[in-house]
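What follows is the content of input.json, which has JSON, C-alpha atoms:
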[["chain", "number", "residue", "atom", "x", "y", "z"],
["H", 1, "MET", "CA", 115.34, 66.65, 92.66],
["H", 2, "SER", "CA", 112.01, 65.16, 91.57],
["H", 3, "LEU", "CA", 109.61, 63.49, 94.00],
["H", 4, "LEU", "CA", 110.21, 60.08, 92.40],
["H", 5, "ALA", "CA", 113.98, 60.47, 92.62],
["H", 6, "ARG", "CA", 113.76, 61.37, 96.31],
["H", 7, "LEU", "CA", 111.55, 58.43, 97.16],
["H", 8, "ALA", "CA", 112.84, 55.72, 94.82],
["H", 9, "PRO", "CA", 115.53, 54.36, 97.21],
["H", 10, "HIS", "CA", 112.91, 53.89, 99.93],
["H", 11, "LEU", "CA", 110.10, 52.28, 97.92],
["H", 12, "PRO", "CA", 111.29, 48.65, 98.24],
["H", 13, "TYR", "CA", 111.37, 49.06, 102.01],
["H", 14, "VAL", "CA", 107.97, 50.68, 102.37],
["H", 15, "ARG", "CA", 106.57, 47.88, 100.17],
["H", 16, "ARG", "CA", 108.16, 45.33, 102.52],
["H", 17, "TYR", "CA", 106.62, 47.09, 105.48],
["H", 18, "ALA", "CA", 103.21, 47.33, 103.82],
["H", 19, "ARG", "CA", 103.28, 43.60, 103.05],
["H", 20, "ALA", "CA", 104.11, 42.74, 106.66],
["H", 21, "LEU", "CA", 101.49, 45.16, 107.99],
["H", 22, "THR", "CA", 98.66, 43.88, 105.80],
["H", 23, "GLY", "CA", 99.75, 40.24, 105.51],
["H", 24, "ASP", "CA", 99.61, 40.33, 101.70],
["H", 25, "GLN", "CA", 101.88, 41.86, 99.05],
["H", 26, "THR", "CA", 99.05, 42.82, 96.67],
["H", 27, "THR", "CA", 97.12, 44.58, 99.41],
["H", 28, "GLY", "CA", 100.28, 46.26, 100.70],
["H", 29, "ASP", "CA", 101.22, 47.49, 97.24],
["H", 30, "HIS", "CA", 97.74, 48.95, 96.82],
["H", 31, "TYR", "CA", 98.20, 51.20, 99.85],
["H", 32, "VAL", "CA", 101.71, 52.20, 98.78],
["H", 33, "ARG", "CA", 100.34, 53.17, 95.37],
["H", 34, "VAL", "CA", 97.53, 55.21, 96.93],
["H", 35, "ALA", "CA", 100.07, 57.03, 99.11],
["H", 36, "LEU", "CA", 102.26, 57.85, 96.10],
["H", 37, "GLU", "CA", 99.24, 59.02, 94.09],
["H", 38, "ALA", "CA", 98.23, 61.29, 96.96],
["H", 39, "LEU", "CA", 101.72, 62.78, 97.01],
["H", 40, "ALA", "CA", 101.77, 63.25, 93.23],
["H", 41, "ALA", "CA", 98.35, 64.94, 93.32],
["H", 42, "GLY", "CA", 99.36, 67.25, 96.13],
["H", 43, "GLU", "CA", 96.78, 65.76, 98.50],
["H", 44, "LYS", "CA", 99.63, 64.76, 100.84],
["H", 45, "VAL", "CA", 103.06, 66.34, 101.26],
["H", 46, "LEU", "CA", 106.35, 65.14, 102.68],
["H", 47, "GLU", "CA", 106.97, 66.89, 105.99],
["H", 48, "ALA", "CA", 109.97, 69.17, 105.55],
["H", 49, "ASN", "CA", 111.21, 68.57, 109.09],
["H", 50, "LEU", "CA", 111.46, 64.81, 108.53],
["H", 51, "THR", "CA", 113.97, 62.77, 106.54],
["H", 52, "PRO", "CA", 112.56, 61.57, 103.18],
["H", 53, "ARG", "CA", 112.25, 57.98, 104.42],
["H", 54, "VAL", "CA", 110.49, 58.91, 107.65],
["H", 55, "ALA", "CA", 108.26, 61.35, 105.76],
["H", 56, "LEU", "CA", 107.26, 58.67, 103.23],
["H", 57, "TYR", "CA", 106.29, 56.20, 105.96],
["H", 58, "HIS", "CA", 104.39, 58.99, 107.70],
["H", 59, "VAL", "CA", 102.33, 59.62, 104.56],
["H", 60, "PHE", "CA", 101.77, 55.90, 104.11],
["H", 61, "HIS", "CA", 100.42, 55.69, 107.64],
["H", 62, "ALA", "CA", 98.09, 58.63, 107.09],
["H", 63, "ILE", "CA", 96.61, 56.75, 104.11],
["H", 64, "TRP", "CA", 96.52, 53.45, 105.98],
["H", 65, "CYS", "CA", 94.81, 54.89, 109.06],
["H", 66, "SER", "CA", 92.11, 56.53, 106.95],
["H", 67, "THR", "CA", 91.27, 53.38, 104.97],
["H", 68, "GLY", "CA", 93.05, 50.08, 105.55],
["H", 69, "ALA", "CA", 93.17, 50.24, 109.34],
["H", 70, "GLN", "CA", 89.37, 50.14, 109.36],
["H", 71, "LEU", "CA", 89.58, 46.51, 108.21],
["H", 72, "GLU", "CA", 91.76, 45.43, 111.13],
["H", 73, "SER", "CA", 88.94, 44.25, 113.41],
["H", 74, "ARG", "CA", 87.71, 41.87, 110.75],
["H", 75, "SER", "CA", 91.00, 40.51, 109.40],
["H", 76, "GLY", "CA", 93.14, 40.31, 112.53],
["H", 77, "SER", "CA", 90.97, 37.82, 114.40],
["H", 78, "ASP", "CA", 90.93, 35.40, 111.48],
["H", 79, "ALA", "CA", 94.70, 34.94, 111.33],
["H", 80, "THR", "CA", 95.75, 31.34, 111.88],
["H", 81, "GLY", "CA", 98.95, 29.35, 111.45],
["H", 82, "ASP", "CA", 102.48, 29.61, 112.82],
["H", 83, "ASP", "CA", 104.22, 31.57, 110.06],
["H", 84, "ALA", "CA", 105.45, 35.10, 110.70],
["H", 85, "ASN", "CA", 102.61, 36.72, 108.78],
["H", 86, "SER", "CA", 99.96, 34.91, 110.82],
["H", 87, "ARG", "CA", 101.69, 35.73, 114.09],
["H", 88, "LEU", "CA", 101.96, 39.37, 113.06],
["H", 89, "MET", "CA", 98.26, 39.63, 112.29],
["H", 90, "ARG", "CA", 97.43, 38.38, 115.79],
["H", 91, "ILE", "CA", 99.27, 41.31, 117.38],
["H", 92, "ALA", "CA", 97.11, 44.36, 118.13],
["H", 93, "PRO", "CA", 97.30, 46.73, 115.12],
["H", 94, "ARG", "CA", 98.97, 49.70, 116.80],
["H", 95, "SER", "CA", 101.51, 47.51, 118.60],
["H", 96, "ARG", "CA", 102.19, 45.65, 115.35],
["H", 97, "GLN", "CA", 102.96, 48.92, 113.59],
["H", 98, "ALA", "CA", 105.43, 50.03, 116.26],
["H", 99, "PHE", "CA", 107.06, 46.59, 116.36],
["H", 100, "LEU", "CA", 107.48, 46.35, 112.59],
["H", 101, "LEU", "CA", 108.80, 49.89, 112.22],
["H", 102, "THR", "CA", 111.54, 49.23, 114.79],
["H", 103, "ALA", "CA", 112.25, 45.50, 114.39],
["H", 104, "LEU", "CA", 111.80, 45.09, 110.64],
["H", 105, "GLU", "CA", 112.48, 48.56, 109.25],
["H", 106, "GLY", "CA", 115.13, 49.64, 111.74],
["H", 107, "PHE", "CA", 113.60, 52.96, 112.77],
["H", 108, "THR", "CA", 114.40, 54.32, 116.20],
["H", 109, "PRO", "CA", 111.52, 54.76, 118.68],
["H", 110, "SER", "CA", 111.78, 58.52, 118.08],
["H", 111, "GLU", "CA", 111.42, 58.09, 114.31],
["H", 112, "THR", "CA", 108.58, 55.63, 114.88],
["H", 113, "ALA", "CA", 106.81, 58.22, 116.99],
["H", 114, "GLN", "CA", 107.13, 60.70, 114.12],
["H", 115, "ILE", "CA", 105.74, 58.18, 111.63],
["H", 116, "LEU", "CA", 102.79, 57.21, 113.80],
["H", 117, "GLY", "CA", 102.12, 60.73, 115.08],
["H", 118, "ALA", "CA", 102.48, 59.43, 118.62],
["H", 119, "ARG", "CA", 104.36, 60.38, 121.75],
["H", 120, "PHE", "CA", 107.71, 58.69, 122.38],
["H", 121, "GLU", "CA", 106.39, 57.14, 125.61],
["H", 122, "GLU", "CA", 103.39, 55.68, 123.76],
["H", 123, "VAL", "CA", 105.65, 54.06, 121.17],
["H", 124, "GLU", "CA", 107.80, 52.49, 123.88],
["H", 125, "GLY", "CA", 104.65, 51.08, 125.46],
["H", 126, "LEU", "CA", 103.40, 49.70, 122.14],
["H", 127, "ILE", "CA", 106.73, 48.00, 121.46],
["H", 128, "ALA", "CA", 106.71, 46.49, 124.94],
["H", 129, "GLU", "CA", 103.17, 45.17, 124.40],
["H", 130, "ALA", "CA", 104.14, 43.55, 121.11],
["H", 131, "GLN", "CA", 107.28, 42.10, 122.67],
["H", 132, "ALA", "CA", 105.26, 40.57, 125.51],
["H", 133, "GLU", "CA", 102.85, 38.93, 123.06],
["H", 134, "ILE", "CA", 105.74, 37.54, 121.02],
["H", 135, "ASP", "CA", 107.61, 36.24, 124.04],
["H", 136, "ALA", "CA", 104.53, 34.47, 125.37],
["H", 137, "GLU", "CA", 103.78, 32.79, 122.05],
["H", 138, "LEU", "CA", 107.31, 31.80, 121.07],
["H", 139, "ALA", "CA", 108.68, 30.39, 124.33],
["H", 140, "THR", "CA", 111.44, 27.93, 123.46],
["H", 141, "GLU", "CA", 114.57, 26.17, 124.71],
["H", 142, "VAL", "CA", 117.80, 28.16, 124.58],
["H", 143, "LEU", "CA", 121.46, 27.18, 124.38],
["H", 144, "ILE", "CA", 123.92, 29.76, 125.75],
["H", 145, "ILE", "CA", 127.51, 29.59, 124.51],
["H", 146, "GLU", "CA", 129.51, 31.78, 126.91],
["H", 147, "ASP", "CA", 132.69, 31.11, 128.89],
["H", 148, "GLU", "CA", 132.37, 33.93, 131.45],
["H", 149, "PRO", "CA", 130.20, 32.59, 134.33],
["H", 150, "VAL", "CA", 128.95, 36.01, 135.42],
["H", 151, "ILE", "CA", 127.92, 37.01, 131.91],
["H", 152, "ALA", "CA", 126.37, 33.60, 131.30],
["H", 153, "ALA", "CA", 124.33, 33.99, 134.49],
["H", 154, "ASP", "CA", 123.14, 37.44, 133.39],
["H", 155, "ILE", "CA", 122.06, 36.13, 129.98],
["H", 156, "GLU", "CA", 120.36, 33.12, 131.59],
["H", 157, "ALA", "CA", 118.36, 35.44, 133.86],
["H", 158, "LEU", "CA", 117.24, 37.53, 130.87],
["H", 159, "VAL", "CA", 116.21, 34.42, 128.93],
["H", 160, "LYS", "CA", 114.20, 33.04, 131.84],
["H", 161, "GLU", "CA", 112.57, 36.42, 132.44],
["H", 162, "LEU", "CA", 111.16, 36.21, 128.91],
["H", 163, "GLY", "CA", 109.65, 32.80, 129.66],
["H", 164, "HIS", "CA", 112.20, 30.65, 127.83],
["H", 165, "THR", "CA", 114.07, 27.61, 129.18],
["H", 166, "VAL", "CA", 117.86, 27.38, 129.23],
["H", 167, "VAL", "CA", 118.78, 23.82, 128.29],
["H", 168, "ASP", "CA", 122.55, 24.23, 128.64],
["H", 169, "ILE", "CA", 125.41, 26.69, 129.05],
["H", 170, "ALA", "CA", 128.50, 25.75, 127.04],
["H", 171, "ALA", "CA", 131.94, 27.28, 127.56],
["H", 172, "THR", "CA", 133.69, 25.68, 124.56],
["H", 173, "ARG", "CA", 132.97, 24.65, 120.99],
["H", 174, "THR", "CA", 132.96, 20.97, 121.95],
["H", 175, "GLU", "CA", 130.54, 21.53, 124.82],
["H", 176, "ALA", "CA", 128.21, 23.50, 122.53],
["H", 177, "VAL", "CA", 128.10, 20.76, 119.91],
["H", 178, "ASP", "CA", 127.57, 18.11, 122.58],
["H", 179, "ALA", "CA", 124.74, 20.15, 124.09],
["H", 180, "VAL", "CA", 122.91, 20.26, 120.75],
["H", 181, "GLY", "CA", 123.32, 16.52, 120.49],
["H", 182, "ARG", "CA", 121.49, 16.09, 123.80],
["H", 183, "SER", "CA", 118.75, 18.68, 123.30],
["H", 184, "ARG", "CA", 117.87, 20.53, 120.10],
["H", 185, "PRO", "CA", 117.38, 24.18, 121.13],
["H", 186, "GLY", "CA", 115.06, 26.66, 119.46],
["H", 187, "LEU", "CA", 117.55, 29.52, 119.89],
["H", 188, "VAL", "CA", 121.32, 29.90, 120.34],
["H", 189, "LEU", "CA", 123.01, 32.85, 122.08],
["H", 190, "ALA", "CA", 126.73, 32.70, 121.33],
["H", 191, "ASP", "CA", 129.92, 34.45, 122.35],
["H", 192, "ILE", "CA", 132.86, 34.34, 119.92],
["H", 193, "GLN", "CA", 135.96, 33.87, 122.06],
["H", 194, "LEU", "CA", 135.57, 30.80, 124.28],
["H", 195, "ALA", "CA", 137.37, 29.34, 127.29],
["H", 196, "ASP", "CA", 139.79, 26.93, 125.62],
["H", 197, "GLY", "CA", 140.65, 29.27, 122.76],
["H", 198, "SER", "CA", 138.00, 27.75, 120.51],
["H", 199, "SER", "CA", 135.62, 29.90, 118.50],
["H", 200, "GLY", "CA", 131.92, 30.46, 118.99],
["H", 201, "ILE", "CA", 131.74, 31.14, 115.26],
["H", 202, "ASP", "CA", 132.98, 27.61, 114.55],
["H", 203, "ALA", "CA", 130.60, 26.22, 117.16],
["H", 204, "VAL", "CA", 127.66, 27.94, 115.45],
["H", 205, "LYS", "CA", 128.78, 26.65, 112.03],
["H", 206, "ASP", "CA", 128.80, 23.11, 113.45],
["H", 207, "ILE", "CA", 125.34, 23.61, 114.97],
["H", 208, "LEU", "CA", 123.82, 25.11, 111.81],
["H", 209, "ALA", "CA", 125.12, 22.16, 109.81],
["H", 210, "GLU", "CA", 122.81, 19.94, 111.87],
["H", 211, "LEU", "CA", 120.00, 22.24, 112.97],
["H", 212, "ASP", "CA", 118.14, 25.20, 111.44],
["H", 213, "VAL", "CA", 117.97, 27.54, 114.41],
["H", 214, "PRO", "CA", 118.16, 31.33, 114.92],
["H", 215, "VAL", "CA", 121.45, 32.58, 116.37],
["H", 216, "ILE", "CA", 122.26, 35.77, 118.25],
["H", 217, "PHE", "CA", 125.94, 36.62, 118.71],
["H", 218, "ILE", "CA", 126.80, 38.53, 121.89],
["H", 219, "THR", "CA", 130.45, 39.51, 121.74],
["H", 220, "ALA", "CA", 133.13, 42.03, 122.56],
["H", 221, "PHE", "CA", 134.70, 41.32, 119.16],
["H", 222, "PRO", "CA", 132.05, 42.24, 116.54],
["H", 223, "GLU", "CA", 134.71, 42.89, 113.90],
["H", 224, "ARG", "CA", 135.39, 39.15, 113.74],
["H", 225, "LEU", "CA", 131.88, 38.63, 112.37],
["H", 226, "LEU", "CA", 131.91, 41.45, 109.84],
["H", 227, "THR", "CA", 133.81, 39.48, 107.21],
["H", 228, "GLY", "CA", 131.06, 38.61, 104.73],
["H", 229, "GLU", "CA", 131.45, 34.91, 105.52],
["H", 230, "ARG", "CA", 128.75, 32.66, 106.96],
["H", 231, "PRO", "CA", 127.18, 32.39, 109.42],
["H", 232, "GLU", "CA", 126.02, 35.92, 108.70],
["H", 233, "PRO", "CA", 125.37, 37.84, 111.93],
["H", 234, "THR", "CA", 121.72, 38.76, 111.44],
["H", 235, "PHE", "CA", 121.61, 39.49, 115.16],
["H", 236, "LEU", "CA", 124.81, 40.91, 116.62],
["H", 237, "ILE", "CA", 125.00, 42.51, 120.07],
["H", 238, "THR", "CA", 128.18, 44.13, 121.33],
["H", 239, "LYS", "CA", 129.39, 43.73, 124.92],
["H", 240, "PRO", "CA", 128.81, 45.33, 127.31],
["H", 241, "PHE", "CA", 125.16, 44.89, 126.38],
["H", 242, "GLN", "CA", 121.93, 46.47, 127.53],
["H", 243, "PRO", "CA", 119.38, 43.93, 128.84],
["H", 244, "GLU", "CA", 116.57, 45.46, 126.75],
["H", 245, "THR", "CA", 118.69, 45.09, 123.61],
["H", 246, "VAL", "CA", 119.12, 41.37, 124.24],
["H", 247, "LYS", "CA", 115.42, 40.91, 125.01],
["H", 248, "ALA", "CA", 114.40, 42.68, 121.81],
["H", 249, "ALA", "CA", 116.84, 40.65, 119.71],
["H", 250, "ILE", "CA", 115.53, 37.38, 121.16],
["H", 251, "GLY", "CA", 111.95, 38.28, 120.28],
["H", 252, "GLN", "CA", 112.88, 39.38, 116.76],
["H", 253, "ALA", "CA", 115.08, 36.33, 116.09],
["H", 254, "LEU", "CA", 112.34, 33.91, 117.11],
["H", 255, "PHE", "CA", 109.58, 35.85, 115.41],
["H", 256, "PHE", "CA", 111.14, 36.18, 111.98],
["H", 257, "HIS", "CA", 112.99, 32.88, 111.76],
["H", 258, "PRO", "CA", 111.26, 31.00, 108.91],
["H", 259, "ARG", "CA", 111.84, 27.45, 110.14],
["H", 260, "ARG", "CA", 110.77, 27.61, 113.76],
["H", 261, "LYS", "CA", 108.87, 24.30, 113.45],
["H", 262, "ALA", "CA", 112.05, 22.37, 112.62],
["H", 263, "LYS", "CA", 112.62, 21.52, 116.29],
["H", 264, "ALA", "CA", 109.21, 19.92, 116.65],
["H", 265, "ALA", "CA", 109.65, 17.97, 113.43],
["H", 266, "ALA", "CA", 113.09, 16.66, 114.35]]
Would it be possible to restate this file's structure as structure tokens?
Amino acid sequence: MSLLARLAPHLPYVRRYARALTGDQTTGDHYVRVALEALAAGEKVLEANLTPRVALYHVFHAIWCSTGAQLESRSGSDATGDDANSRLMRIAPRSRQAFLLTALEGFTPSETAQILGARFEEVEGLIAEAQAEIDAELATEVLIIEDEPVIAADIEALVKELGHTVVDIAATRTEAVDAVGRSRPGLVLADIQLADGSSGIDAVKDILAELDVPVIFITAFPERLLTGERPEPTFLITKPFQPETVKAAIGQALFFHPRRKAKAAA
């Protein structure tokens, strides 16, 4: 199989990553092109012990670290605004790389360590640093839709630990809609099966009809969301959940949601 054929399925994703890393599609594409030219010329090779996708990102990072990363000190401090690109550029370069590789590209910390040429423990630390910066910048008000008091209390504790404020805990669809009427949250954490037999999916549909807000489903019934119908479960966590999984999803949901300013404008 030719080099192009091996890498073609992964090119749209490495371009996406390069755009997020550099803050600009043209600049990102330049570094992707340089990486591919280096591979074609034999100046770089895909590591045989890595999967093709991981190996491609590894080569991209070798190119980036030798050239583009040198511009970080000048460009990063100039980033302004509240869009995702501006917020990304304010995160320390190495932490930004680890965060994007895991949160945006879906690599595991182990794969990220391979791409960055770092130790697993270092990658975990970089991700934690990025997460802390994101949590501090994007503190918001949270609505929890959960009918089990113990689980609701656990989620509330996690939310508060990240610096967010819980504005309400709703156990039914009606309570959830009423809660949004009283206070427009910046994030919704929703179960599916609620106390009175109503559906958290329907509650979220009602909320999204009135408010553009990121939603994270936390449920023991994930199959009920995998139907292809809206609201699409961009963030879906299966019970029983790991606290770190919920924390990471909250940071990612707030960070990448394109209309975070809607609450302030309402």
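Compared by their closest atoms to Glu129 of chain H, and using all atoms listed in the file, the residues H:Ala92, H:Ile237, H:Ala195, H:Leu104 rank with H:Ala92 nearest.
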Residues near segment 200-210 of chain H, cut-off 12 Å, all atoms listed in the file, skip fewer than 4 positions along chain, as a PyMOL selection string: chain H and resi 143-147+170-181+183-196+214-219+221-222+224-227+229-233+262-263+266
Nearest candidate to Glu47 of chain H (options H:Ile115, H:Ile63, H:Val150, H:Ile169; using all atoms listed in the file):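 Answer, going by the shortest atom-to-atom distance: H:Ile115.
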His30 of chain H environment, 12 Å, all atoms listed in the file, sequence neighbours closer than 6 positions dropped, as a VMD selection string: chain H and resid 14 to 15 18 to 19 22 24 36 to 37 60 63 to 64 67 to 68
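Atom CA of Gln242 of chain H is positioned 28.4 Å from atom CA of Leu50 of chain H.
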Counting all atoms listed in the file, which residues of segment 45-145 of chain H sit at most 9 Å from some atom of segment 2-10 of chain H, and what is each one's closest atom pair with its distance in Å to one decimal, listed by chain and rising residue number, as a Markdown table?
| residue | atom | partner | partner_atom | distance |
| --- | --- | --- | --- | --- |
| H:Pro52 | CA | H:Leu7 | CA | 6.9 |
| H:Arg53 | CA | H:His10 | CA | 6.1 |
| H:Leu56 | CA | H:Leu7 | CA | 7.4 |
Interatomic distance, atom CA of His164 of chain H to atom CA of Thr140 of chain H (Å, one decimal):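 Taking atom CA of His164 of chain H as the start and atom CA of Thr140 of chain H as the end point, the length is 5.2 Å.
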Separation of atom CA of Gly106 of chain H from atom CA of Val246 of chain H, in Å and rounded to one decimal: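 Here the two named atoms are 15.5 Å from each other.
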Long-range neighbours of Glu133 of chain H as number ranges by chain, 12 Å cut-off, all atoms listed in the file, 3 positions minimum in chain: H: 87-92, 95-96, 99, 126-130, 136-139, 162-163, 251-252, 255
Residue among H:Ala103, H:Val159, H:Ala38, H:Ala113 lying closest to Phe256 of chain H, counting all atoms listed in the file: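 Nearest to Phe256 of chain H: H:Ala103.
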Residue among H:Ala98, H:His61, H:Pro243, H:Thr112 lying closest to Ala157 of chain H, counting all atoms listed in the file: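 Residue with the minimum atom-to-atom distance to Ala157 of chain H: H:Pro243.
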Nearest candidate to Gly28 of chain H (options H:Phe235, H:Ala40, H:Pro12, H:Glu124; using all atoms listed in the file):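 Closest candidate: H:Pro12.
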Return the padded bounding box of segment 98-103 of chain H as AutoDock Vina command-line options: axis-aligned, built from all atoms listed in the file, 5 Å added on each side, with centre and edge lengths in Å to one decimal.
--center_x 108.8 --center_y 47.8 --center_z 114.3 --size_x 16.8 --size_y 14.5 --size_z 14.1
Option closest in space to Glu141 of chain H, from H:Leu236, H:Ala41, H:Leu101, H:Val166 [counting all atoms listed in the file]: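 Of all the options, H:Val166 lies closest to Glu141 of chain H.
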